[in-house]
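**Student:** First the structure, then my questions, so here it is.
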Amino acid sequence: MASSGESAEAPPNIVVLTGSAHPVLGAEVARELGMPLGVCRTARFPDGEIQVEIDDLEVEGEDVAIVQPTPSGAAARGDALLELLFIADACHRGGAASIFAVVPYFGYARQDARKLSGVPLGARVVTRLLGTAPFERVVTVDPHSDVLGACLDAPMVSLSAVPLLVEALDGELAERERDLVVVAPDVGAVRLAREYARRLRAPVAVAYKVRTSGAEVSIERIAGDVRGRRPIIVDDMITTGGTMVAAAGAVQAEGSLSDVTVAATHAVLTPGAMDRLREAGLRRVVVTDTLASSASEYGATVVSVARLLAASIRHVAMRRRRAQLVLHP
Ligand code: R5P
């Protein structure tokens with residue numbers, strides 16, 4: 001990512017702030033950038049309204065990165081978004097030179113098409129809300145839909161956690177080249193599955209999924225040969241776990257080995273999701289920490305995206321500083 005000349009330059013100071021959605025990741029990003037975590041107090045007023053306070057002196061004239069995924073749970077997700085906007089506004093008014101929104105998991109991205117009459121385009125509404133804040137960049141990881149980037153006014157940096165997840169899978173899967181098959185559990189995951197397959201040097205199979213309700217899915221058929229192979233089912237997120245469980249059942253019915261691995265970037269994990277995977281015999285689960293989750297308590301491997309985020313923030317900040325030097329030497 002960095003050009004060869006970059007390493008010689010002193011890295012810019014970046015003030016990292018975190019809202020209440022994932023303070024652990026915020027602290028890790030700050031550590032990766034070699035900075036202490038900035039002051040950002042989040043609380044609630046007695047009536048439940050969001051209260052945010054930063055240190056103006058800390059952000060004045062600085063590049064600021066606000067780490068805040070938009071997590072699951074209706075109240076939490078709405079609050080996280082609003083909290084992010086409040087922190088950004090405080091930074092703007094405190095004289096920050098530039099503000100990056102670091103939204104490792106971008107909620108509402110699944111509402112990216114108007115498939116039924118009477119429903120909103122949730123992804124567009126949320127990106128327009130973000131557009132009201134003066135973000136220099138919005139940094140995200142494996143967004144569910146390209147619509148986010150198209151609807152956002154600020155440039156979006158879309159990072160991929162696949163290399164990190166593949167590295168973790170490599171560590172977990174002995175003799176990996178022999179008999180793997182990467183399975184996309186629905187058509188939307190095919191692009192992701194191809195990327196895993198290229199890195200794991202494995203073939204791809206695709207499950208044709210039909211969603212019957214928010215939590216229920218069924219698989220109509222599997223395209224590709226899974227017989228005698230060890231499936232790695234990959235998706236951008238695990239929410240209720242229904243998709244992974246259904247895809248695992250379908251590939252096994254087609255003759256795959258029962259030693260199934262599931263990998264996903266975002267551990268959205270509604271209550272009971274990990275139990276659902278476990279009850280279906282899916283014990284090898286690899287996810288990232290784009291969201292605070294209970295995955296590791298269930299024995300899942302959780303890969304950190306902190307270094308990936310920090311590298312991207314540093315890269316953009318350096319480019320910005322360099323451009324400023326050209327304009328104002
Ligand atoms: C949907 O298009 C997504 O990519 C995931 O397949 C979905 O969100 C997974 O949800 P669940 O775990 O509830 O089946």
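Numbering starts fresh at 1 for the residues of each chain in the structure tokens, the chains themselves are lettered A, B, ... in the order given, and ligands are numbered from 1 as they appear.
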Quick one: which chain A residues come within 7 Å of ligand 1, and what is the nearest atom pair for each with the distance in Å to one decimal, counting only C-alpha atoms and all ligand atoms, rows ordered by chain and ascending number, as JSON lines?
**Tutor:**
```
{"residue": "A:Arg110", "atom": "CA", "partner": "ligand 1", "partner_atom_place_in_ligand_line": "2 (O)", "distance": 6.5}
{"residue": "A:His144", "atom": "CA", "partner": "ligand 1", "partner_atom_place_in_ligand_line": "4 (O)", "distance": 6.5}
{"residue": "A:Pro185", "atom": "CA", "partner": "ligand 1", "partner_atom_place_in_ligand_line": "6 (O)", "distance": 6.9}
{"residue": "A:Asp186", "atom": "CA", "partner": "ligand 1", "partner_atom_place_in_ligand_line": "6 (O)", "distance": 6.6}
{"residue": "A:Gly188", "atom": "CA", "partner": "ligand 1", "partner_atom_place_in_ligand_line": "2 (O)", "distance": 6.1}
{"residue": "A:Ala189", "atom": "CA", "partner": "ligand 1", "partner_atom_place_in_ligand_line": "4 (O)", "distance": 6.3}
{"residue": "A:Gly214", "atom": "CA", "partner": "ligand 1", "partner_atom_place_in_ligand_line": "13 (O)", "distance": 6.7}
{"residue": "A:Ala215", "atom": "CA", "partner": "ligand 1", "partner_atom_place_in_ligand_line": "13 (O)", "distance": 5.3}
{"residue": "A:Val217", "atom": "CA", "partner": "ligand 1", "partner_atom_place_in_ligand_line": "14 (O)", "distance": 6.8}
{"residue": "A:Asp235", "atom": "CA", "partner": "ligand 1", "partner_atom_place_in_ligand_line": "4 (O)", "distance": 5.8}
{"residue": "A:Asp236", "atom": "CA", "partner": "ligand 1", "partner_atom_place_in_ligand_line": "4 (O)", "distance": 5.3}
{"residue": "A:Met237", "atom": "CA", "partner": "ligand 1", "partner_atom_place_in_ligand_line": "5 (C)", "distance": 5.3}
{"residue": "A:Ile238", "atom": "CA", "partner": "ligand 1", "partner_atom_place_in_ligand_line": "12 (O)", "distance": 4.0}
{"residue": "A:Thr239", "atom": "CA", "partner": "ligand 1", "partner_atom_place_in_ligand_line": "12 (O)", "distance": 3.6}
{"residue": "A:Thr240", "atom": "CA", "partner": "ligand 1", "partner_atom_place_in_ligand_line": "13 (O)", "distance": 3.6}
{"residue": "A:Gly241", "atom": "CA", "partner": "ligand 1", "partner_atom_place_in_ligand_line": "12 (O)", "distance": 3.5}
{"residue": "A:Gly242", "atom": "CA", "partner": "ligand 1", "partner_atom_place_in_ligand_line": "14 (O)", "distance": 3.9}
{"residue": "A:Thr243", "atom": "CA", "partner": "ligand 1", "partner_atom_place_in_ligand_line": "14 (O)", "distance": 3.5}
{"residue": "A:Met244", "atom": "CA", "partner": "ligand 1", "partner_atom_place_in_ligand_line": "14 (O)", "distance": 6.4}
```
**Student:** Go ahead and write the selection's residues with N, CA and C atoms as an mmCIF file, in the first residue's frame.
**Tutor:**
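Contents of the output file result.cif:
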```
data_model
loop_
_atom_site.group_PDB
_atom_site.id
_atom_site.type_symbol
_atom_site.label_atom_id
_atom_site.label_comp_id
_atom_site.auth_asym_id
_atom_site.auth_seq_id
_atom_site.Cartn_x
_atom_site.Cartn_y
_atom_site.Cartn_z
ATOM 1 N N ARG A 110 -27.189 -4.125 4.140
ATOM 2 C CA ARG A 110 -28.012 -5.137 3.449
ATOM 3 C C ARG A 110 -29.284 -4.534 2.865
ATOM 4 N N HIS A 144 -20.815 -4.881 2.919
ATOM 5 C CA HIS A 144 -21.739 -5.847 2.314
ATOM 6 C C HIS A 144 -22.100 -5.470 0.880
ATOM 7 N N PRO A 185 -22.049 -19.293 0.454
ATOM 8 C CA PRO A 185 -23.354 -19.780 0.918
ATOM 9 C C PRO A 185 -24.540 -19.085 0.247
ATOM 10 N N ASP A 186 -24.249 -18.079 -0.558
ATOM 11 C CA ASP A 186 -25.282 -17.490 -1.412
ATOM 12 C C ASP A 186 -24.586 -16.775 -2.564
ATOM 13 N N GLY A 188 -24.500 -13.759 -3.371
ATOM 14 C CA GLY A 188 -23.841 -12.508 -2.980
ATOM 15 C C GLY A 188 -22.426 -12.710 -2.458
ATOM 16 N N ALA A 189 -22.100 -13.925 -2.055
ATOM 17 C CA ALA A 189 -20.774 -14.177 -1.469
ATOM 18 C C ALA A 189 -19.780 -14.743 -2.491
ATOM 19 N N GLY A 214 -36.249 -13.424 8.331
ATOM 20 C CA GLY A 214 -35.000 -12.833 8.797
ATOM 21 C C GLY A 214 -34.032 -13.877 9.339
ATOM 22 N N ALA A 215 -34.591 -14.925 9.971
ATOM 23 C CA ALA A 215 -33.718 -15.917 10.621
ATOM 24 C C ALA A 215 -33.710 -17.262 9.895
ATOM 25 N N VAL A 217 -33.420 -19.631 6.421
ATOM 26 C CA VAL A 217 -33.034 -19.719 5.014
ATOM 27 C C VAL A 217 -33.074 -21.194 4.610
ATOM 28 N N ASP A 235 -18.389 -16.003 4.170
ATOM 29 C CA ASP A 235 -19.428 -14.983 3.984
ATOM 30 C C ASP A 235 -18.891 -13.671 4.534
ATOM 31 N N ASP A 236 -19.587 -12.581 4.243
ATOM 32 C CA ASP A 236 -19.118 -11.319 4.825
ATOM 33 C C ASP A 236 -19.502 -11.222 6.296
ATOM 34 N N MET A 237 -20.603 -11.855 6.679
ATOM 35 C CA MET A 237 -21.016 -11.753 8.087
ATOM 36 C C MET A 237 -21.783 -12.985 8.541
ATOM 37 N N ILE A 238 -21.735 -13.226 9.841
ATOM 38 C CA ILE A 238 -22.606 -14.231 10.456
ATOM 39 C C ILE A 238 -23.541 -13.462 11.370
ATOM 40 N N THR A 239 -24.820 -13.573 11.101
ATOM 41 C CA THR A 239 -25.789 -12.813 11.907
ATOM 42 C C THR A 239 -26.511 -13.778 12.854
ATOM 43 N N THR A 240 -27.496 -14.516 12.332
ATOM 44 C CA THR A 240 -28.160 -15.523 13.181
ATOM 45 C C THR A 240 -27.444 -16.869 13.090
ATOM 46 N N GLY A 241 -26.592 -17.014 12.087
ATOM 47 C CA GLY A 241 -25.925 -18.299 11.846
ATOM 48 C C GLY A 241 -26.716 -19.202 10.903
ATOM 49 N N GLY A 242 -27.929 -18.779 10.559
ATOM 50 C CA GLY A 242 -28.799 -19.623 9.724
ATOM 51 C C GLY A 242 -28.193 -19.965 8.370
ATOM 52 N N THR A 243 -27.543 -18.989 7.751
ATOM 53 C CA THR A 243 -26.961 -19.208 6.419
ATOM 54 C C THR A 243 -25.850 -20.256 6.488
ATOM 55 N N MET A 244 -24.960 -20.117 7.453
ATOM 56 C CA MET A 244 -23.842 -21.059 7.583
ATOM 57 C C MET A 244 -24.356 -22.469 7.866
#
```
**Student:** Using only C-alpha atoms, which protein or nucleic acid residues come within 6 Å of segment 22-29 of chain A? Drop anything in the same chain fewer than 3 positions from it, and give the result as a list in words.
**Tutor:**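 With the cut-off at 6 Å, the set is Thr18, Glu32, Leu37, Val67, Ala292, Ala306 and Ala310 of chain A.
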**Student:** Just write the chosen residues, C-alpha atoms, as a PDB file, in the first residue's frame.
**Tutor:**
```
ATOM      1  CA  THR A  18     -13.281   5.783  20.028  1.00  0.00           C
ATOM      2  CA  GLU A  32      -0.709   0.236  16.191  1.00  0.00           C
ATOM      3  CA  LEU A  37      -5.930   6.766  22.779  1.00  0.00           C
ATOM      4  CA  VAL A  67     -13.160   4.226  15.458  1.00  0.00           C
ATOM      5  CA  ALA A 292     -17.147  -6.442  19.688  1.00  0.00           C
ATOM      6  CA  ALA A 306      -6.395  -3.175  14.073  1.00  0.00           C
ATOM      7  CA  ALA A 310      -3.969   1.619  11.306  1.00  0.00           C
TER       8      ALA A 310
END
```
**Student:** For each of A:Val305, A:Ala247, A:Val183, A:Leu116, take the minimum atom-to-atom distance to Pro231 of chain A, counting only C-alpha atoms, then give the residue where this is smallest.
**Tutor:**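 Counting only C-alpha atoms, the residue closest to Pro231 of chain A is A:Val183.
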**Student:** Could you tell me, as a PyMOL selection string, which residues of segment 127-269 of chain A DSSP assigns to alpha helix (DSSP H) when given the backbone?
**Tutor:** chain A and resi 127-130+147-151+162-172+190-200+242-253
**Student:** Report as a PyMOL selection string: the residues of segment 90-225 of chain A with a DSSP assignment of strand (DSSP E), based on the backbone of this structure.
**Tutor:** chain A and resi 98-103+137-141+156-159+180-184+204-211+217-223
**Student:** Can I get the selection written as a compact mmCIF listing (two decimals), in the first residue's frame, with N, CA, C and O atoms?
**Tutor:**
```
# COMPACT_ATOMS: atom_id res chain seq x y z
N SER A 98 -8.36 17.18 9.92
CA SER A 98 -9.14 16.26 9.10
C SER A 98 -9.72 15.19 10.01
O SER A 98 -9.17 14.91 11.09
N ILE A 99 -10.83 14.62 9.58
CA ILE A 99 -11.51 13.61 10.42
C ILE A 99 -11.79 12.38 9.56
O ILE A 99 -12.41 12.47 8.50
N PHE A 100 -11.33 11.23 10.04
CA PHE A 100 -11.61 9.96 9.37
C PHE A 100 -12.64 9.20 10.19
O PHE A 100 -12.48 9.04 11.39
N ALA A 101 -13.67 8.71 9.52
CA ALA A 101 -14.60 7.80 10.20
C ALA A 101 -14.08 6.39 9.94
O ALA A 101 -13.97 5.98 8.79
N VAL A 102 -13.76 5.69 11.00
CA VAL A 102 -13.30 4.30 10.84
C VAL A 102 -14.44 3.40 11.30
O VAL A 102 -14.70 3.25 12.49
N VAL A 103 -15.17 2.88 10.32
CA VAL A 103 -16.39 2.11 10.58
C VAL A 103 -16.14 0.68 10.08
O VAL A 103 -16.53 0.32 8.97
N ARG A 137 -12.43 10.90 4.95
CA ARG A 137 -12.52 9.53 4.44
C ARG A 137 -13.40 8.71 5.36
O ARG A 137 -13.45 8.98 6.56
N VAL A 138 -14.05 7.71 4.80
CA VAL A 138 -14.73 6.71 5.62
C VAL A 138 -14.02 5.39 5.34
O VAL A 138 -13.97 4.93 4.19
N VAL A 139 -13.42 4.83 6.37
CA VAL A 139 -12.65 3.59 6.21
C VAL A 139 -13.50 2.44 6.71
O VAL A 139 -14.00 2.47 7.84
N THR A 140 -13.69 1.43 5.88
CA THR A 140 -14.50 0.29 6.30
C THR A 140 -13.85 -1.02 5.83
O THR A 140 -12.89 -0.99 5.07
N VAL A 141 -14.38 -2.13 6.32
CA VAL A 141 -13.81 -3.44 5.98
C VAL A 141 -14.91 -4.31 5.37
O VAL A 141 -16.00 -4.42 5.94
N MET A 156 -14.67 6.58 0.14
CA MET A 156 -14.67 5.43 1.04
C MET A 156 -13.43 4.57 0.79
O MET A 156 -13.10 4.30 -0.36
N VAL A 157 -12.75 4.21 1.85
CA VAL A 157 -11.63 3.27 1.72
C VAL A 157 -12.17 1.91 2.15
O VAL A 157 -12.54 1.71 3.30
N SER A 158 -12.24 1.00 1.20
CA SER A 158 -12.82 -0.31 1.47
C SER A 158 -11.70 -1.35 1.59
O SER A 158 -11.08 -1.69 0.60
N LEU A 159 -11.46 -1.79 2.82
CA LEU A 159 -10.36 -2.73 3.06
C LEU A 159 -10.90 -4.16 3.04
O LEU A 159 -12.08 -4.39 3.30
N LEU A 180 -9.63 -29.17 -0.14
CA LEU A 180 -10.55 -28.11 0.27
C LEU A 180 -11.51 -27.73 -0.85
O LEU A 180 -11.22 -27.91 -2.03
N VAL A 181 -12.64 -27.18 -0.46
CA VAL A 181 -13.50 -26.47 -1.41
C VAL A 181 -14.04 -25.26 -0.67
O VAL A 181 -14.47 -25.35 0.48
N VAL A 182 -13.93 -24.10 -1.32
CA VAL A 182 -14.47 -22.87 -0.73
C VAL A 182 -15.92 -22.74 -1.18
O VAL A 182 -16.21 -22.83 -2.38
N VAL A 183 -16.80 -22.54 -0.23
CA VAL A 183 -18.24 -22.50 -0.56
C VAL A 183 -18.79 -21.11 -0.30
O VAL A 183 -18.64 -20.56 0.81
N ALA A 184 -19.41 -20.53 -1.32
CA ALA A 184 -20.18 -19.29 -1.14
C ALA A 184 -21.58 -19.71 -0.72
O ALA A 184 -22.24 -20.43 -1.47
N VAL A 204 -14.17 -23.53 -6.10
CA VAL A 204 -15.31 -22.83 -5.48
C VAL A 204 -16.61 -23.59 -5.76
O VAL A 204 -16.80 -24.12 -6.85
N ALA A 205 -17.47 -23.65 -4.77
CA ALA A 205 -18.84 -24.13 -4.99
C ALA A 205 -19.78 -23.03 -4.50
O ALA A 205 -19.40 -22.21 -3.66
N VAL A 206 -20.98 -23.01 -5.06
CA VAL A 206 -21.94 -21.95 -4.70
C VAL A 206 -23.26 -22.57 -4.24
O VAL A 206 -23.79 -23.47 -4.91
N ALA A 207 -23.74 -22.10 -3.10
CA ALA A 207 -25.06 -22.53 -2.62
C ALA A 207 -26.10 -21.51 -3.08
O ALA A 207 -25.86 -20.31 -2.97
N TYR A 208 -27.19 -21.99 -3.58
CA TYR A 208 -28.28 -21.08 -3.97
C TYR A 208 -29.25 -21.00 -2.80
O TYR A 208 -29.96 -21.95 -2.50
N LYS A 209 -29.21 -19.84 -2.14
CA LYS A 209 -29.96 -19.65 -0.88
C LYS A 209 -31.26 -18.92 -1.14
O LYS A 209 -31.31 -17.99 -1.93
N VAL A 210 -32.29 -19.37 -0.43
CA VAL A 210 -33.55 -18.63 -0.44
C VAL A 210 -33.84 -18.24 1.00
O VAL A 210 -33.78 -19.08 1.90
N ARG A 211 -34.08 -16.94 1.23
CA ARG A 211 -34.38 -16.50 2.60
C ARG A 211 -35.88 -16.51 2.79
O ARG A 211 -36.62 -15.84 2.06
N VAL A 217 -33.42 -19.63 6.42
CA VAL A 217 -33.03 -19.72 5.01
C VAL A 217 -33.07 -21.19 4.61
O VAL A 217 -33.04 -22.08 5.46
N SER A 218 -33.17 -21.43 3.31
CA SER A 218 -33.00 -22.80 2.83
C SER A 218 -32.13 -22.77 1.59
O SER A 218 -32.03 -21.73 0.92
N ILE A 219 -31.47 -23.87 1.32
CA ILE A 219 -30.58 -23.95 0.16
C ILE A 219 -31.27 -24.79 -0.91
O ILE A 219 -31.66 -25.94 -0.66
N GLU A 220 -31.43 -24.21 -2.09
CA GLU A 220 -32.11 -24.92 -3.18
C GLU A 220 -31.21 -25.95 -3.83
O GLU A 220 -31.62 -27.06 -4.15
N ARG A 221 -29.96 -25.54 -4.09
CA ARG A 221 -29.02 -26.49 -4.69
C ARG A 221 -27.59 -25.97 -4.55
O ARG A 221 -27.37 -24.80 -4.21
N ILE A 222 -26.65 -26.88 -4.80
CA ILE A 222 -25.23 -26.52 -4.74
C ILE A 222 -24.67 -26.64 -6.16
O ILE A 222 -24.85 -27.67 -6.82
N ALA A 223 -23.99 -25.60 -6.61
CA ALA A 223 -23.31 -25.66 -7.91
C ALA A 223 -21.82 -25.88 -7.63
O ALA A 223 -21.23 -25.14 -6.84
```
**Student:** Using only C-alpha atoms, which residue out of A:Leu165, A:Val125, A:Leu130, A:Leu148 lies closest to Ala109 of chain A?
**Tutor:**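 Closest to Ala109 of chain A of all the choices is A:Leu148.
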**Student:** Could you check which of A:Leu82, A:Ala197, A:Leu282, A:Ala300 is closest to Val260 of chain A, using only C-alpha atoms?
**Tutor:** A:Leu282
**Student:** If you measure from atom CA of Ala246 of chain A to atom CA of Gly171 of chain A, what distance in Å do you get, rounded to one decimal?
**Tutor:**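 Taking atom CA of Ala246 of chain A and atom CA of Gly171 of chain A, their separation equals 25.8 Å.
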**Student:** For atom CA of Gly281 of chain A and atom CA of Glu172 of chain A, determine how far apart the two atoms are, in Å to one decimal place.
**Tutor:**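 Value for the atom CA of Gly281 of chain A-atom CA of Glu172 of chain A distance: 16.7 Å.
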**Student:** Taking only C-alpha atoms into account, name the residue in A:Glu297, A:Asp170, A:Glu254, A:Glu58 that is nearest to Arg199 of chain A.
**Tutor:** A:Asp170
**Student:** Give me the residues near Glu167 of chain A as a tab-separated table (two decimals) with N, CA, C and O atoms, in the first residue's frame, where near means some atom within 12 Å (using only C-alpha atoms) and where sequence neighbours in that chain fewer than 4 positions away do not count.
**Tutor:**
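Output contents, as saved in result.tsv:
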```tsv
chain	number	residue	atom	x	y	z
A	161	ALA	N	-10.51	-7.98	4.69
A	161	ALA	CA	-9.94	-8.80	5.77
A	161	ALA	C	-9.59	-10.20	5.28
A	161	ALA	O	-9.09	-11.01	6.06
A	162	VAL	N	-9.85	-10.49	4.00
A	162	VAL	CA	-9.64	-11.86	3.51
A	162	VAL	C	-8.19	-12.33	3.71
A	162	VAL	O	-7.98	-13.45	4.18
A	163	PRO	N	-7.18	-11.50	3.38
A	163	PRO	CA	-5.81	-12.00	3.60
A	163	PRO	C	-5.55	-12.41	5.05
A	163	PRO	O	-4.91	-13.42	5.31
A	171	GLY	N	-3.26	-21.45	9.39
A	171	GLY	CA	-2.75	-21.96	10.66
A	171	GLY	C	-3.63	-23.08	11.21
A	171	GLY	O	-3.17	-23.93	11.95
A	172	GLU	N	-4.90	-23.06	10.85
A	172	GLU	CA	-5.84	-24.04	11.41
A	172	GLU	C	-5.95	-25.30	10.58
A	172	GLU	O	-6.34	-26.35	11.08
A	173	LEU	N	-5.69	-25.19	9.28
A	173	LEU	CA	-5.94	-26.32	8.39
A	173	LEU	C	-4.62	-26.97	7.99
A	173	LEU	O	-3.86	-26.39	7.23
A	176	ARG	N	-3.54	-28.20	3.79
A	176	ARG	CA	-4.68	-27.48	3.25
A	176	ARG	C	-4.91	-27.64	1.76
A	176	ARG	O	-6.03	-27.57	1.28
A	196	TYR	N	-11.01	-15.97	-1.54
A	196	TYR	CA	-10.49	-17.00	-0.62
A	196	TYR	C	-9.90	-18.15	-1.44
A	196	TYR	O	-8.82	-18.64	-1.14
A	199	ARG	N	-6.53	-17.56	-2.95
A	199	ARG	CA	-5.45	-17.57	-1.97
A	199	ARG	C	-5.20	-18.96	-1.39
A	199	ARG	O	-4.08	-19.30	-1.04
A	200	LEU	N	-6.28	-19.75	-1.27
A	200	LEU	CA	-6.12	-21.11	-0.71
A	200	LEU	C	-5.85	-22.15	-1.80
A	200	LEU	O	-5.70	-23.33	-1.50
A	263	ALA	N	-15.91	-19.16	7.88
A	263	ALA	CA	-15.11	-17.95	8.04
A	263	ALA	C	-15.94	-16.75	7.58
A	263	ALA	O	-16.62	-16.83	6.55
A	286	VAL	N	-13.94	-18.90	12.15
A	286	VAL	CA	-12.91	-17.86	12.10
A	286	VAL	C	-13.58	-16.54	11.70
A	286	VAL	O	-14.25	-16.48	10.66
A	287	VAL	N	-13.42	-15.53	12.54
A	287	VAL	CA	-14.03	-14.22	12.27
A	287	VAL	C	-13.00	-13.14	12.62
A	287	VAL	O	-11.92	-13.44	13.10
A	288	THR	N	-13.37	-11.88	12.40
A	288	THR	CA	-12.48	-10.78	12.81
A	288	THR	C	-13.14	-10.00	13.95
A	288	THR	O	-14.29	-10.27	14.34
A	301	THR	N	-11.87	-18.50	16.46
A	301	THR	CA	-10.63	-17.75	16.26
A	301	THR	C	-11.01	-16.33	15.84
A	301	THR	O	-11.76	-16.17	14.86
A	302	VAL	N	-10.53	-15.35	16.56
A	302	VAL	CA	-10.87	-13.95	16.23
A	302	VAL	C	-9.59	-13.23	15.81
A	302	VAL	O	-8.65	-13.11	16.56
A	303	VAL	N	-9.60	-12.79	14.57
A	303	VAL	CA	-8.42	-12.14	13.98
A	303	VAL	C	-8.59	-10.63	14.10
A	303	VAL	O	-9.66	-10.10	13.77
A	304	SER	N	-7.56	-9.93	14.53
A	304	SER	CA	-7.70	-8.48	14.70
A	304	SER	C	-7.45	-7.71	13.39
A	304	SER	O	-6.52	-8.01	12.65
```
**Student:** Pick out the residues sitting within 12 Å of Val316 of chain A, and hand them over as a PyMOL selection string; count only C-alpha atoms, and ignore anything fewer than 2 positions along from it in its own chain.
**Tutor:** chain A and resi 1-3+6+11-12+14+63-65+98-100+136-139+155-157+309-314+318-323
**Student:** Rank nothing, just name the residue among A:Asp112, A:Pro134, A:Asp47, A:Ala30 nearest to Phe86 of chain A, using only C-alpha atoms.
**Tutor:**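 Ranking A:Asp112, A:Pro134, A:Asp47, A:Ala30 by distance to Phe86 of chain A, first place goes to A:Pro134.
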**Student:** What separation in Å, quoted to one decimal, exists between atom CA of Gly38 of chain A and atom CA of Arg307 of chain A?
**Tutor:** 17.7 Å
**Student:** Can you work out which one of A:Gly34, A:Gly61, A:Pro203, A:Pro120 has the shortest atom-to-atom distance to Val226 of chain A, counting only C-alpha atoms?
**Tutor:**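 The answer is A:Pro203, which sits nearest to Val226 of chain A.
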**Student:** Would you list the contacts of Ala43 of chain A as an mmCIF file with N, CA, C and O atoms, in the first residue's frame, taking every protein, DNA or RNA residue within 9 Å and counting only C-alpha atoms, but skipping same-chain residues closer than 4 positions in sequence?
**Tutor:**
```cif
data_model
loop_
_atom_site.group_PDB
_atom_site.id
_atom_site.type_symbol
_atom_site.label_atom_id
_atom_site.label_comp_id
_atom_site.auth_asym_id
_atom_site.auth_seq_id
_atom_site.Cartn_x
_atom_site.Cartn_y
_atom_site.Cartn_z
ATOM 1 N N SER A 20 -18.411 4.353 22.037
ATOM 2 C CA SER A 20 -18.642 3.253 22.979
ATOM 3 C C SER A 20 -18.904 1.920 22.280
ATOM 4 O O SER A 20 -19.067 0.903 22.939
ATOM 5 N N GLY A 48 -31.605 9.955 28.500
ATOM 6 C CA GLY A 48 -31.145 8.937 27.546
ATOM 7 C C GLY A 48 -30.448 9.505 26.322
ATOM 8 O O GLY A 48 -29.908 8.753 25.506
ATOM 9 N N GLU A 49 -30.444 10.844 26.176
ATOM 10 C CA GLU A 49 -29.764 11.424 25.008
ATOM 11 C C GLU A 49 -28.255 11.196 25.096
ATOM 12 O O GLU A 49 -27.683 11.147 26.185
ATOM 13 N N ILE A 50 -27.644 11.108 23.929
ATOM 14 C CA ILE A 50 -26.206 10.835 23.874
ATOM 15 C C ILE A 50 -25.413 12.068 24.280
ATOM 16 O O ILE A 50 -25.708 13.176 23.828
ATOM 17 N N GLN A 51 -24.390 11.830 25.096
ATOM 18 C CA GLN A 51 -23.529 12.916 25.574
ATOM 19 C C GLN A 51 -22.091 12.551 25.193
ATOM 20 O O GLN A 51 -21.643 11.440 25.479
ATOM 21 N N VAL A 52 -21.419 13.484 24.534
ATOM 22 C CA VAL A 52 -20.050 13.233 24.079
ATOM 23 C C VAL A 52 -19.175 14.393 24.491
ATOM 24 O O VAL A 52 -19.611 15.549 24.445
ATOM 25 N N GLU A 53 -17.961 14.103 24.918
ATOM 26 C CA GLU A 53 -17.041 15.195 25.248
ATOM 27 C C GLU A 53 -15.621 14.784 24.865
ATOM 28 O O GLU A 53 -15.151 13.717 25.236
#
```
